[in-house]
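Before any comments, here is the structure.
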Amino acid sequence: MPRLAVWIVRTALIYLGCGFTVGGYMLLNKGLRLDPNFLTWVYMHEELLLIGWMLQFVIGVAFWILPRFMTAPKYGAIELAWAGYIVLNMGVLTTIVGTWIEGPGSAAALIGRGLEIVAAATFAIYMWPRVRPFLVG
Ligand code: HEM
């Protein structure tokens with residue numbers, strides 16, 4: 001497994017753990033009502049699990065498994081993929097902080113979403129040449 005795939009998948013797993021913990025906290029409060037404002041955690045829960053975990057895991061596995069180039073560099077424009085990884089996680093963290101402080105319509109949350117779109121486009125551009133059929137026979 002290439003080093004960047006290890007980073008992406010491990011980061012995704014950390015978000016999975018955090019997202020489930022927040023989900024468990026909300027579930028607990030649905031029953032016990034210890035925190036009357038427990039639903040304010042739902043934005044963080046969504047961001048952690050939908051983007052931080054699910055999207056990031058898919059990207060990590062795709063990066064690992066898509067056909068590689070026969071000639072060096074094997075993984076293509078890898079700097080682009082690293083940039084996508086960094087920008088994606090800046091986006092997730094900015095969105096989490098923004099929604100936590102000011103809610104889902106805050107400027108920080110919008111900037112975070114913008115970073116996520118840039119990251120998705122970066123990964124798409126990076127992966128495009130690797131999406132191709134095997135030349136068999
Ligand atoms: C990959 C796994 C998961 C994903 C993608 C996910 C996603 C979501 C989303 C999108 C919402 C918002 C739903 C809405 O606003 O109607 C939500 C709410 C919630 N989730 Fe999760 N979730 C996941 C796992 C979990 C787990 C493991 C737990 C509990 C341990 C949990 C507990 C909750 C609770 C308590 C709510 C609030 C429900 C409410 O509005 O009353 N989630 N989740």
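A note on labels: chains of the structure tokens are A, B, ... as shown, every chain counts residues from 1, and ligands are counted from 1 in their shown order.
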
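Taking only C-alpha atoms and all ligand atoms into account, the protein and nucleic acid residues that come at most 6 Å from ligand 1 are A:Phe20, A:Gly23, A:Gly24, A:Met26, A:Leu27, A:Val42, A:Glu46, A:Leu49, A:Leu50.
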
* For Met44 in chain A, work out the shell of residues within 9 Å, counting only C-alpha atoms and skipping chain neighbours fewer than 5 positions away, then give it as a list in words. => Gly19, Val22, Leu49, Thr95, Ile96, Val97, Thr99 and Trp100 of chain A

Dump as a PDB file, in the first residue's frame, selection limited to N, CA and C atoms:
```
ATOM      1  N   GLY A  19     -16.505  10.316  14.830  1.00  0.00           N
ATOM      2  CA  GLY A  19     -17.910  10.452  14.404  1.00  0.00           C
ATOM      3  C   GLY A  19     -18.825   9.517  15.180  1.00  0.00           C
ATOM      4  N   VAL A  22     -19.286  10.889  18.728  1.00  0.00           N
ATOM      5  CA  VAL A  22     -20.276  11.979  18.767  1.00  0.00           C
ATOM      6  C   VAL A  22     -21.683  11.400  18.596  1.00  0.00           C
ATOM      7  N   LEU A  49     -18.476  11.954   9.612  1.00  0.00           N
ATOM      8  CA  LEU A  49     -18.763  10.647   9.017  1.00  0.00           C
ATOM      9  C   LEU A  49     -18.966  10.684   7.504  1.00  0.00           C
ATOM     10  N   THR A  95     -14.785  23.297   8.386  1.00  0.00           N
ATOM     11  CA  THR A  95     -16.250  23.169   8.444  1.00  0.00           C
ATOM     12  C   THR A  95     -16.700  22.801   9.857  1.00  0.00           C
ATOM     13  N   ILE A  96     -15.985  21.888  10.491  1.00  0.00           N
ATOM     14  CA  ILE A  96     -16.355  21.482  11.856  1.00  0.00           C
ATOM     15  C   ILE A  96     -16.282  22.677  12.800  1.00  0.00           C
ATOM     16  N   VAL A  97     -15.174  23.409  12.745  1.00  0.00           N
ATOM     17  CA  VAL A  97     -15.013  24.571  13.639  1.00  0.00           C
ATOM     18  C   VAL A  97     -16.085  25.623  13.324  1.00  0.00           C
ATOM     19  N   THR A  99     -19.120  25.311  11.873  1.00  0.00           N
ATOM     20  CA  THR A  99     -20.479  24.926  12.274  1.00  0.00           C
ATOM     21  C   THR A  99     -20.605  24.889  13.790  1.00  0.00           C
ATOM     22  N   TRP A 100     -19.499  24.539  14.462  1.00  0.00           N
ATOM     23  CA  TRP A 100     -19.556  24.474  15.924  1.00  0.00           C
ATOM     24  C   TRP A 100     -19.727  25.874  16.523  1.00  0.00           C
TER      25      TRP A 100
END
```

Using only C-alpha atoms, which protein or nucleic acid residues come within 10 Å of range 1-16 of chain A? Drop anything in the same chain fewer than 5 positions from it, and give the result as a PDB file with N, CA and C atoms, in the first residue's frame.
```
ATOM      1  N   THR A  21     -18.208   8.361  18.139  1.00  0.00           N
ATOM      2  CA  THR A  21     -18.242   8.837  19.530  1.00  0.00           C
ATOM      3  C   THR A  21     -19.290   9.950  19.674  1.00  0.00           C
ATOM      4  N   VAL A  22     -19.286  10.889  18.728  1.00  0.00           N
ATOM      5  CA  VAL A  22     -20.276  11.979  18.767  1.00  0.00           C
ATOM      6  C   VAL A  22     -21.683  11.400  18.596  1.00  0.00           C
ATOM      7  N   HIS A  45     -21.116  15.572  13.653  1.00  0.00           N
ATOM      8  CA  HIS A  45     -21.314  14.149  13.375  1.00  0.00           C
ATOM      9  C   HIS A  45     -21.407  13.900  11.869  1.00  0.00           C
ATOM     10  N   GLU A  47     -20.355  15.841   9.375  1.00  0.00           N
ATOM     11  CA  GLU A  47     -19.106  16.193   8.694  1.00  0.00           C
ATOM     12  C   GLU A  47     -18.042  15.106   8.901  1.00  0.00           C
ATOM     13  N   LEU A  48     -17.928  14.666  10.162  1.00  0.00           N
ATOM     14  CA  LEU A  48     -16.934  13.632  10.469  1.00  0.00           C
ATOM     15  C   LEU A  48     -17.199  12.358   9.676  1.00  0.00           C
ATOM     16  N   LEU A  49     -18.476  11.954   9.612  1.00  0.00           N
ATOM     17  CA  LEU A  49     -18.763  10.647   9.017  1.00  0.00           C
ATOM     18  C   LEU A  49     -18.966  10.684   7.504  1.00  0.00           C
ATOM     19  N   LEU A  50     -19.634  11.717   6.995  1.00  0.00           N
ATOM     20  CA  LEU A  50     -19.901  11.727   5.549  1.00  0.00           C
ATOM     21  C   LEU A  50     -18.660  12.123   4.746  1.00  0.00           C
ATOM     22  N   ILE A  51     -17.963  13.154   5.193  1.00  0.00           N
ATOM     23  CA  ILE A  51     -16.794  13.621   4.430  1.00  0.00           C
ATOM     24  C   ILE A  51     -15.504  13.036   5.004  1.00  0.00           C
ATOM     25  N   GLY A  52     -15.314  13.237   6.339  1.00  0.00           N
ATOM     26  CA  GLY A  52     -14.064  12.797   6.960  1.00  0.00           C
ATOM     27  C   GLY A  52     -13.859  11.295   6.843  1.00  0.00           C
ATOM     28  N   TRP A  53     -14.908  10.517   7.066  1.00  0.00           N
ATOM     29  CA  TRP A  53     -14.789   9.058   7.005  1.00  0.00           C
ATOM     30  C   TRP A  53     -15.127   8.518   5.624  1.00  0.00           C
ATOM     31  N   MET A  54     -16.389   8.623   5.206  1.00  0.00           N
ATOM     32  CA  MET A  54     -16.828   7.894   4.013  1.00  0.00           C
ATOM     33  C   MET A  54     -16.129   8.379   2.737  1.00  0.00           C
ATOM     34  N   LEU A  55     -16.208   9.673   2.476  1.00  0.00           N
ATOM     35  CA  LEU A  55     -15.589  10.182   1.246  1.00  0.00           C
ATOM     36  C   LEU A  55     -14.075   9.938   1.261  1.00  0.00           C
ATOM     37  N   GLN A  56     -13.457  10.207   2.419  1.00  0.00           N
ATOM     38  CA  GLN A  56     -12.002  10.080   2.502  1.00  0.00           C
ATOM     39  C   GLN A  56     -11.549   8.622   2.344  1.00  0.00           C
ATOM     40  N   PHE A  57     -12.324   7.707   2.911  1.00  0.00           N
ATOM     41  CA  PHE A  57     -11.985   6.282   2.785  1.00  0.00           C
ATOM     42  C   PHE A  57     -12.073   5.844   1.322  1.00  0.00           C
ATOM     43  N   VAL A  58     -13.124   6.280   0.645  1.00  0.00           N
ATOM     44  CA  VAL A  58     -13.299   5.935  -0.774  1.00  0.00           C
ATOM     45  C   VAL A  58     -12.111   6.466  -1.586  1.00  0.00           C
ATOM     46  N   ILE A  59     -11.723   7.720  -1.321  1.00  0.00           N
ATOM     47  CA  ILE A  59     -10.603   8.316  -2.059  1.00  0.00           C
ATOM     48  C   ILE A  59      -9.310   7.544  -1.770  1.00  0.00           C
ATOM     49  N   GLY A  60      -9.107   7.194  -0.500  1.00  0.00           N
ATOM     50  CA  GLY A  60      -7.881   6.475  -0.112  1.00  0.00           C
ATOM     51  C   GLY A  60      -7.772   5.132  -0.811  1.00  0.00           C
ATOM     52  N   VAL A  61      -8.879   4.397  -0.846  1.00  0.00           N
ATOM     53  CA  VAL A  61      -8.856   3.070  -1.479  1.00  0.00           C
ATOM     54  C   VAL A  61      -8.715   3.224  -2.995  1.00  0.00           C
ATOM     55  N   ALA A  62      -9.386   4.227  -3.555  1.00  0.00           N
ATOM     56  CA  ALA A  62      -9.267   4.464  -5.004  1.00  0.00           C
ATOM     57  C   ALA A  62      -7.820   4.797  -5.364  1.00  0.00           C
ATOM     58  N   PHE A  63      -7.200   5.655  -4.556  1.00  0.00           N
ATOM     59  CA  PHE A  63      -5.801   6.031  -4.807  1.00  0.00           C
ATOM     60  C   PHE A  63      -4.910   4.783  -4.814  1.00  0.00           C
ATOM     61  N   TRP A  64      -5.184   3.891  -3.897  1.00  0.00           N
ATOM     62  CA  TRP A  64      -4.391   2.676  -3.758  1.00  0.00           C
ATOM     63  C   TRP A  64      -4.602   1.725  -4.945  1.00  0.00           C
ATOM     64  N   ILE A  65      -5.876   1.571  -5.352  1.00  0.00           N
ATOM     65  CA  ILE A  65      -6.242   0.430  -6.181  1.00  0.00           C
ATOM     66  C   ILE A  65      -6.347   0.728  -7.679  1.00  0.00           C
ATOM     67  N   TYR A  75       2.832   6.348  -9.740  1.00  0.00           N
ATOM     68  CA  TYR A  75       1.559   6.869  -9.247  1.00  0.00           C
ATOM     69  C   TYR A  75       1.185   8.211  -9.873  1.00  0.00           C
ATOM     70  N   ILE A  78       1.868  12.675  -8.074  1.00  0.00           N
ATOM     71  CA  ILE A  78       1.531  12.376  -6.679  1.00  0.00           C
ATOM     72  C   ILE A  78       1.419  13.641  -5.824  1.00  0.00           C
ATOM     73  N   ALA A  81      -2.078  14.628  -5.540  1.00  0.00           N
ATOM     74  CA  ALA A  81      -2.852  13.800  -4.612  1.00  0.00           C
ATOM     75  C   ALA A  81      -2.564  14.213  -3.163  1.00  0.00           C
ATOM     76  N   TRP A  82      -1.303  14.520  -2.846  1.00  0.00           N
ATOM     77  CA  TRP A  82      -0.974  14.993  -1.491  1.00  0.00           C
ATOM     78  C   TRP A  82      -1.682  16.315  -1.221  1.00  0.00           C
ATOM     79  N   TYR A  85      -5.256  15.691  -0.422  1.00  0.00           N
ATOM     80  CA  TYR A  85      -5.406  15.160   0.944  1.00  0.00           C
ATOM     81  C   TYR A  85      -5.349  16.283   1.982  1.00  0.00           C
ATOM     82  N   ILE A  86      -4.374  17.167   1.817  1.00  0.00           N
ATOM     83  CA  ILE A  86      -4.211  18.263   2.789  1.00  0.00           C
ATOM     84  C   ILE A  86      -5.397  19.227   2.714  1.00  0.00           C
ATOM     85  N   ASN A  89      -8.648  17.772   4.249  1.00  0.00           N
ATOM     86  CA  ASN A  89      -8.700  17.763   5.711  1.00  0.00           C
ATOM     87  C   ASN A  89      -8.746  19.174   6.296  1.00  0.00           C
ATOM     88  N   VAL A  92     -12.467  19.800   6.041  1.00  0.00           N
ATOM     89  CA  VAL A  92     -13.265  19.117   7.074  1.00  0.00           C
ATOM     90  C   VAL A  92     -13.116  19.851   8.410  1.00  0.00           C
TER      91      VAL A  92
END
```

* **Selected residue of minimal separation from Ala124 in chain A among A:Ala77, A:Met90, A:Ile111, A:Ala72, counting only C-alpha atoms** =>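 Result for the nearest residue to Ala124 in chain A: A:Ala77.
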
* To do: From a DSSP pass on the backbone, collect the residues of range 9-99 of chain A flagged as helix (DSSP H, G or I) and hand them back as JSON, numbers by chain.
  => {"A": [9, 10, 11, 12, 13, 14, 15, 16, 17, 18, 19, 20, 21, 22, 23, 24, 25, 26, 27, 28, 29, 30, 31, 32, 38, 39, 40, 41, 42, 43, 44, 45, 46, 47, 48, 49, 50, 51, 52, 53, 54, 55, 56, 57, 58, 59, 60, 61, 62, 63, 64, 65, 78, 79, 80, 81, 82, 83, 84, 85, 86, 87, 88, 89, 90, 91, 92, 93, 94, 95, 96, 97, 98, 99]}

Save out the residues we just selected, C-alpha atoms, as an mmCIF file, in the first residue's frame.
```
data_model
loop_
_atom_site.group_PDB
_atom_site.id
_atom_site.type_symbol
_atom_site.label_atom_id
_atom_site.label_comp_id
_atom_site.auth_asym_id
_atom_site.auth_seq_id
_atom_site.Cartn_x
_atom_site.Cartn_y
_atom_site.Cartn_z
ATOM 1 C CA VAL A 9 -7.124 5.590 5.240
ATOM 2 C CA ARG A 10 -5.751 6.109 8.756
ATOM 3 C CA THR A 11 -7.060 9.687 8.812
ATOM 4 C CA ALA A 12 -10.461 8.379 7.667
ATOM 5 C CA LEU A 13 -10.437 5.793 10.474
ATOM 6 C CA ILE A 14 -9.709 8.509 13.046
ATOM 7 C CA TYR A 15 -12.740 10.450 11.774
ATOM 8 C CA LEU A 16 -14.787 7.246 11.977
ATOM 9 C CA GLY A 17 -13.877 6.862 15.654
ATOM 10 C CA CYS A 18 -14.640 10.526 16.397
ATOM 11 C CA GLY A 19 -17.910 10.452 14.404
ATOM 12 C CA PHE A 20 -19.185 7.339 16.158
ATOM 13 C CA THR A 21 -18.242 8.837 19.530
ATOM 14 C CA VAL A 22 -20.276 11.979 18.767
ATOM 15 C CA GLY A 23 -23.139 9.766 17.482
ATOM 16 C CA GLY A 24 -23.014 7.730 20.670
ATOM 17 C CA TYR A 25 -23.097 10.926 22.735
ATOM 18 C CA MET A 26 -26.222 12.095 20.889
ATOM 19 C CA LEU A 27 -27.857 8.677 21.188
ATOM 20 C CA LEU A 28 -27.159 8.624 24.925
ATOM 21 C CA ASN A 29 -28.761 12.021 25.284
ATOM 22 C CA LYS A 30 -31.810 10.960 23.301
ATOM 23 C CA GLY A 31 -32.483 8.563 26.164
ATOM 24 C CA LEU A 32 -31.103 10.339 29.221
ATOM 25 C CA PHE A 38 -27.217 17.580 22.215
ATOM 26 C CA LEU A 39 -28.497 18.005 18.655
ATOM 27 C CA THR A 40 -26.019 20.853 18.067
ATOM 28 C CA TRP A 41 -23.457 18.041 17.708
ATOM 29 C CA VAL A 42 -25.245 16.703 14.612
ATOM 30 C CA TYR A 43 -23.323 18.952 12.178
ATOM 31 C CA MET A 44 -20.018 17.734 13.532
ATOM 32 C CA HIS A 45 -21.314 14.149 13.375
ATOM 33 C CA GLU A 46 -22.368 14.549 9.739
ATOM 34 C CA GLU A 47 -19.106 16.193 8.694
ATOM 35 C CA LEU A 48 -16.934 13.632 10.469
ATOM 36 C CA LEU A 49 -18.763 10.647 9.017
ATOM 37 C CA LEU A 50 -19.901 11.727 5.549
ATOM 38 C CA ILE A 51 -16.794 13.621 4.430
ATOM 39 C CA GLY A 52 -14.064 12.797 6.960
ATOM 40 C CA TRP A 53 -14.789 9.058 7.005
ATOM 41 C CA MET A 54 -16.828 7.894 4.013
ATOM 42 C CA LEU A 55 -15.589 10.182 1.246
ATOM 43 C CA GLN A 56 -12.002 10.080 2.502
ATOM 44 C CA PHE A 57 -11.985 6.282 2.785
ATOM 45 C CA VAL A 58 -13.299 5.935 -0.774
ATOM 46 C CA ILE A 59 -10.603 8.316 -2.059
ATOM 47 C CA GLY A 60 -7.881 6.475 -0.112
ATOM 48 C CA VAL A 61 -8.856 3.070 -1.479
ATOM 49 C CA ALA A 62 -9.267 4.464 -5.004
ATOM 50 C CA PHE A 63 -5.801 6.031 -4.807
ATOM 51 C CA TRP A 64 -4.391 2.676 -3.758
ATOM 52 C CA ILE A 65 -6.242 0.430 -6.181
ATOM 53 C CA ILE A 78 1.531 12.376 -6.679
ATOM 54 C CA GLU A 79 2.046 15.980 -5.446
ATOM 55 C CA LEU A 80 -1.476 16.679 -6.677
ATOM 56 C CA ALA A 81 -2.852 13.800 -4.612
ATOM 57 C CA TRP A 82 -0.974 14.993 -1.491
ATOM 58 C CA ALA A 83 -2.357 18.493 -2.060
ATOM 59 C CA GLY A 84 -5.875 17.028 -2.335
ATOM 60 C CA TYR A 85 -5.406 15.160 0.944
ATOM 61 C CA ILE A 86 -4.211 18.263 2.789
ATOM 62 C CA VAL A 87 -6.908 20.543 1.354
ATOM 63 C CA LEU A 88 -9.654 17.971 2.050
ATOM 64 C CA ASN A 89 -8.700 17.763 5.711
ATOM 65 C CA MET A 90 -8.332 21.535 6.019
ATOM 66 C CA GLY A 91 -11.886 21.679 4.628
ATOM 67 C CA VAL A 92 -13.265 19.117 7.074
ATOM 68 C CA LEU A 93 -11.652 20.810 10.079
ATOM 69 C CA THR A 94 -12.657 24.320 8.967
ATOM 70 C CA THR A 95 -16.250 23.169 8.444
ATOM 71 C CA ILE A 96 -16.355 21.482 11.856
ATOM 72 C CA VAL A 97 -15.013 24.571 13.639
ATOM 73 C CA GLY A 98 -17.299 26.884 11.629
ATOM 74 C CA THR A 99 -20.479 24.926 12.274
#
```

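Separating CA of Arg68 in chain A from CA of Val118 in chain A is a distance of 23.7 Å.
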
* Provide the CA of Pro67 in chain A to CA of Ala121 in chain A distance in Å, to one decimal place. => 19.4 Å

* To do: Could you tell me which of A:Ile117, A:Ile125, A:Leu110, A:Leu34 comes closest to Gly76 in chain A if we count only C-alpha atoms?
  => A:Ile125

* Point-to-point distance in Å for CA of Ser106 in chain A and CA of Arg33 in chain A ->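 Rounded to one decimal, the two atoms are 27.3 Å apart.
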